[in-house]
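Chemist: Sharing a structure below in structure tokens format, with a few things to ask.
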Amino acid sequence: MRQVASMGMGMIYQVLNEAWRALRRNRTRSSLTMLGIVWGIATVTLLIAYGGSFREILVSGFDAFGKGAVICWPQQTSEQPGGQRAGKKVVLEQADLDMIKETANYVRHACLETVRRPGVAYGNRMVGTAPVRGVCPEYGDMRNEQPSEGRWINSLDELERRRVVFLGARVREQLFGGRPAVGETVEIAGVRFTVIGTMDRKIQLSNYFSSDDESTWIPYSAANDLWNAKYANVLVFEPIAPQFEQRAEAQVLAAIATRQQFSPTDKKAIQMFGREQFRPVINGITIGLQVLLIFIGILTLGIGGVGVMNIMLVSVDERIREIGLRRALGARKWHIKAQFLAETLLIMLLGGAIGIVVSYLVAVAVGTLPLMGPLFEDDSGKADIHLRISFFTVMISTVVLLLVGVLSALIPASRAANLDPVEALRYE
């Protein structure tokens with residue numbers, strides 16, 4: 001067994017050694033041939049990296065809304081169960097929230113939200129269009145409201161009806177400029193509120209009422225002191241896991257329907273919008289773009305592969321007598337085929353290795369490419385393309401390279417192996 005393995009390794013070494021010597025005999029031609037492969041593999045690698053970064057940014061933009069948050073808007077009933085009339089207006093109030101918490105075991109958190117635009121003032125500065133949103137403490141986790149300074153609303157704020165406010169990035173900039181805002185006092189509808197926290201710019205591709213950057217949040221109990229918040233504008237909830245979103249939606253609808261006496265199958269009574277609604281949009285855009293970019297890269301690499309194929313066909317024509325001599329001395333068809341396959345793959349692999357290095361250098365030189373940063377007036381770079389050459393990217397590029405290399409080598413190798421030894425020896 002060891003002797004057979006040793007003979008096999010010796011054969012592989014001999015084939016690779018002969019392939020290397022054949023390439024060295026025509027250095028200029030081999031270098032120019034590899035140049036096409038270098039360009040092709042660098043293109044494939046950079047396009048895959050671009051597509052991956054684009055997907056990350058798009059997914060993070062949707063995740064900023066909240067990875068599991070579902071928003072419920074009350075509408076009107078469309079069914080007539082038990083003699084009830086259709087068209088009954090659905091409202092959301094504390095009793096509905098209590099029913100959900102009691103009966104909906106697929107719901108992790110649920111929260112009423114009330115919204116008004118009374119204006120937020122600091123000194124002689126005023127933001128009149130900023131929505132003031134009364135919410136519960138769990139809302140911050142559901143909607144991914146991450147404070148960059150200070151803190152989010154907590155349970156004591158809600159219980160004690162504290163006059164505290166959390167500011168979005170744009171509201172903070174408009175009221176305070178570059179000064180610290182935490183601990184300062186602002187006025188909402190003429191009532192003084194203490195700023196407990198603020199957040200940085202949020203790259204957010206989905207919102208309702210207004211973007212989070214242009215919003216402010218106060219405890220729901222405090223909002224009820226400013227205006228009548230008996231009936232909430234919307235209800236926000238989060239399922240225990242993303243895969244249970246539809247079950248959680250059904251339980252929430254059933255809980256509200258039971259309390260307000262309408263059909264639990266009447267989906268028009270409450271309009272719900274969650275992650276499952278825009279998941280096809282995310283996948284359609286990102287996967288479609290990635291497939292397109294990989295296809296373009298493969299075409300570019302394929303052009304290089306055609307160049308390699310042509311050069312190897314020329315090499316077969318130049319070495320017909322050599323092939324005939326080797327066949328006459330006992331070389332079999334698979335020996336000849338292996339020789340030309342090895343030469344082609346050696347060109348491809350050397351060019352591919354150089355191409356990977358070139359792609360790394362280009363990625364470092366380019367740094368970031370603007371995508372959504374200018375749109376959101378964000379200069380931190382977190383919304384821009386970063387050309388990161390990951391191990392996964394290199395592996396995909398290598399697989400594509402080997403596939404193109406094998407396809408490029410098949411025709412020249414088969415042609416060389418099928419030459420008639422007698423005719424090859426007579427070839428001038």
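FYI, nothing fancy with the structure tokens labels: chains A, B, ... in order, residues from 1 per chain, ligands from 1 as they appear.
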Name the residues of stretch 44-201 of chain A that fall into strand (DSSP E or B) according to DSSP on the backbone, using the chain letters and numbers of this document, as a ChimeraX atom specification.
Modeler: /A:70-74,76,89,107-116,120-122,125-127,132-135,149-150,164-167,185-188,191-198
Chemist: Write out as an mmCIF file with N, CA and C atoms, in the first residue's frame each polymer residue whose atoms come within 9 Å of A:Glu245, counting only C-alpha atoms; drop sequence neighbours fewer than 2 positions from it.
Modeler:
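Final file, out_8.cif:
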data_model
loop_
_atom_site.group_PDB
_atom_site.id
_atom_site.type_symbol
_atom_site.label_atom_id
_atom_site.label_comp_id
_atom_site.auth_asym_id
_atom_site.auth_seq_id
_atom_site.Cartn_x
_atom_site.Cartn_y
_atom_site.Cartn_z
ATOM 1 N N GLY A 68 -37.420 41.899 15.314
ATOM 2 C CA GLY A 68 -38.649 41.117 15.424
ATOM 3 C C GLY A 68 -39.892 41.948 15.633
ATOM 4 N N VAL A 70 -43.264 43.933 15.313
ATOM 5 C CA VAL A 70 -44.449 43.914 14.460
ATOM 6 C C VAL A 70 -45.335 45.086 14.874
ATOM 7 N N TYR A 106 -46.917 33.265 22.426
ATOM 8 C CA TYR A 106 -45.872 33.419 21.412
ATOM 9 C C TYR A 106 -45.344 34.856 21.360
ATOM 10 N N VAL A 107 -45.854 35.721 22.213
ATOM 11 C CA VAL A 107 -45.446 37.122 22.241
ATOM 12 C C VAL A 107 -44.484 37.350 23.400
ATOM 13 N N GLU A 238 -43.354 41.896 19.865
ATOM 14 C CA GLU A 238 -42.246 41.100 19.355
ATOM 15 C C GLU A 238 -42.497 39.628 19.680
ATOM 16 N N PRO A 239 -42.420 38.730 18.692
ATOM 17 C CA PRO A 239 -42.604 37.301 18.973
ATOM 18 C C PRO A 239 -41.418 36.734 19.742
ATOM 19 N N ILE A 240 -41.595 35.564 20.317
ATOM 20 C CA ILE A 240 -40.513 34.961 21.098
ATOM 21 C C ILE A 240 -39.340 34.560 20.207
ATOM 22 N N ALA A 241 -39.602 34.340 18.933
ATOM 23 C CA ALA A 241 -38.561 34.032 17.948
ATOM 24 C C ALA A 241 -39.101 34.405 16.572
ATOM 25 N N PRO A 242 -38.225 34.799 15.640
ATOM 26 C CA PRO A 242 -38.703 35.237 14.321
ATOM 27 C C PRO A 242 -39.582 34.212 13.607
ATOM 28 N N GLN A 243 -39.282 32.920 13.772
ATOM 29 C CA GLN A 243 -40.054 31.897 13.060
ATOM 30 C C GLN A 243 -41.485 31.762 13.581
ATOM 31 N N ARG A 247 -47.618 33.026 14.031
ATOM 32 C CA ARG A 247 -48.412 32.503 15.148
ATOM 33 C C ARG A 247 -48.684 33.598 16.175
ATOM 34 N N ALA A 248 -47.663 34.420 16.422
ATOM 35 C CA ALA A 248 -47.842 35.525 17.368
ATOM 36 C C ALA A 248 -48.875 36.514 16.842
ATOM 37 N N GLU A 249 -48.839 36.799 15.545
ATOM 38 C CA GLU A 249 -49.821 37.706 14.956
ATOM 39 C C GLU A 249 -51.236 37.167 15.133
ATOM 40 N N ALA A 250 -51.397 35.856 14.918
ATOM 41 C CA ALA A 250 -52.724 35.241 15.079
ATOM 42 C C ALA A 250 -53.197 35.341 16.521
ATOM 43 N N GLY A 274 -44.717 43.327 9.834
ATOM 44 C CA GLY A 274 -43.522 42.849 10.539
ATOM 45 C C GLY A 274 -42.415 42.468 9.587
ATOM 46 N N ARG A 275 -41.425 41.780 10.126
ATOM 47 C CA ARG A 275 -40.239 41.427 9.355
ATOM 48 C C ARG A 275 -40.575 40.513 8.172
ATOM 49 N N GLU A 276 -41.541 39.615 8.350
ATOM 50 C CA GLU A 276 -41.878 38.682 7.278
ATOM 51 C C GLU A 276 -42.411 39.404 6.052
#
Chemist: Which residues are near A:Leu407? Cut-off 9 Å, only C-alpha atoms, ignore same chain within fewer than 5 positions. Put them as an MDAnalysis selection string.
Modeler: chainID A and resid 305 309 402
Chemist: Please list as a PyMOL selection string every residue within 12 Å of stretch 257-269 of chain A, counting only C-alpha atoms and excluding residues in the same chain fewer than 4 positions away.
Modeler: chain A and resi 72-100+103+246+249-253+273
Chemist: Among the residues of stretch 237-314 of chain A, find those DSSP assigns to alpha helix (DSSP H) from the backbone and print them as a ChimeraX atom specification.
Modeler: /A:245-260,275-314
Chemist: So that I can see what lies close to A:Arg201, please list as a JSON list (two decimals) with N, CA and C atoms, in the first residue's frame the residues with an atom at most 10 Å from it, counting only C-alpha atoms and leaving out residues fewer than 6 positions away in the same chain.
Modeler:
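So result22.json came out as:
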[["chain", "number", "residue", "atom", "x", "y", "z"],
["A", 148, "SER", "N", -26.64, 56.38, 22.59],
["A", 148, "SER", "CA", -25.20, 56.67, 22.48],
["A", 148, "SER", "C", -24.74, 57.46, 23.70],
["A", 168, "GLY", "N", -34.01, 61.54, 19.42],
["A", 168, "GLY", "CA", -33.38, 61.04, 18.21],
["A", 168, "GLY", "C", -32.24, 61.95, 17.79],
["A", 169, "ALA", "N", -31.40, 61.48, 16.87],
["A", 169, "ALA", "CA", -30.16, 62.19, 16.52],
["A", 169, "ALA", "C", -30.42, 63.56, 15.91],
["A", 170, "ARG", "N", -31.34, 63.64, 14.97],
["A", 170, "ARG", "CA", -31.60, 64.94, 14.32],
["A", 170, "ARG", "C", -32.21, 65.95, 15.28],
["A", 212, "ASP", "N", -36.67, 57.45, 13.11],
["A", 212, "ASP", "CA", -36.28, 57.51, 14.52],
["A", 212, "ASP", "C", -35.35, 58.69, 14.79],
["A", 213, "ASP", "N", -34.56, 59.09, 13.81],
["A", 213, "ASP", "CA", -33.67, 60.23, 13.99],
["A", 213, "ASP", "C", -34.45, 61.51, 14.29],
["A", 214, "GLU", "N", -35.67, 61.60, 13.76],
["A", 214, "GLU", "CA", -36.47, 62.81, 13.90],
["A", 214, "GLU", "C", -37.55, 62.67, 14.98],
["A", 376, "PHE", "N", -28.15, 59.55, 4.26],
["A", 376, "PHE", "CA", -28.50, 59.78, 5.66],
["A", 376, "PHE", "C", -27.61, 60.83, 6.33],
["A", 377, "GLU", "N", -26.80, 61.49, 5.52],
["A", 377, "GLU", "CA", -25.86, 62.51, 6.03],
["A", 377, "GLU", "C", -25.01, 61.94, 7.16],
["A", 378, "ASP", "N", -24.53, 60.72, 6.93],
["A", 378, "ASP", "CA", -23.71, 60.02, 7.92],
["A", 378, "ASP", "C", -22.29, 59.87, 7.37],
["A", 379, "ASP", "N", -21.32, 60.36, 8.12],
["A", 379, "ASP", "CA", -19.92, 60.28, 7.66],
["A", 379, "ASP", "C", -19.11, 59.29, 8.49],
["A", 380, "SER", "N", -19.79, 58.42, 9.25],
["A", 380, "SER", "CA", -19.07, 57.44, 10.07],
["A", 380, "SER", "C", -18.57, 56.25, 9.24]]
Chemist: Smallest atom-to-atom distance to A:Lys333: which of A:Leu403, A:Val314, A:Asn418, A:Met272, using only C-alpha atoms?
Modeler: A:Asn418
Chemist: Quick one, how far is atom CA of A:Ala255 from atom CA of A:Val236?
Modeler: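 According to the coordinates, atom CA of A:Ala255 and atom CA of A:Val236 are separated by 14.2 Å.
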Chemist: Using only C-alpha atoms, which residues sit within 9 Å of A:Val316 once same-chain residues fewer than 6 positions away are excluded, as a CSV table (one decimal) with N, CA and C atoms, in the first residue's frame?
Modeler:
chain,number,residue,atom,x,y,z
A,323,ILE,N,4.6,14.8,-28.3
A,323,ILE,CA,3.5,13.9,-27.8
A,323,ILE,C,3.6,12.5,-28.5
A,340,PHE,N,-1.3,18.1,-19.8
A,340,PHE,CA,-1.9,19.3,-20.3
A,340,PHE,C,-2.9,19.9,-19.3
A,412,PRO,N,-8.0,21.2,-25.0
A,412,PRO,CA,-6.6,21.0,-25.4
A,412,PRO,C,-6.1,19.6,-24.9
A,413,ALA,N,-6.4,19.2,-23.7
A,413,ALA,CA,-5.9,17.9,-23.2
A,413,ALA,C,-6.5,16.8,-23.9
A,415,ARG,N,-7.5,16.8,-27.1
A,415,ARG,CA,-6.9,16.8,-28.4
A,415,ARG,C,-5.5,16.2,-28.4
A,416,ALA,N,-4.7,16.6,-27.4
A,416,ALA,CA,-3.4,16.1,-27.3
A,416,ALA,C,-3.4,14.6,-27.0
Chemist: Of the residues A:Ala353, A:Leu371, A:Ala69, A:Ile203, which is the one nearest to A:Asp141, using only C-alpha atoms?
Modeler: A:Ala69
Chemist: Considering only C-alpha atoms, state which residue in the set A:Leu293, A:Arg321, A:Leu350, A:Ile285 is at the smallest distance from A:Ala49.
Modeler: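 With only C-alpha atoms as the atom set, the closest residue is A:Leu293.
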Chemist: For A:Asp384, which of A:Gly352, A:Gly367, A:Gly307, A:Pro219 is the closest residue, counting only C-alpha atoms?
Modeler: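 Of the candidates, the smallest distance to A:Asp384 is held by A:Gly367.
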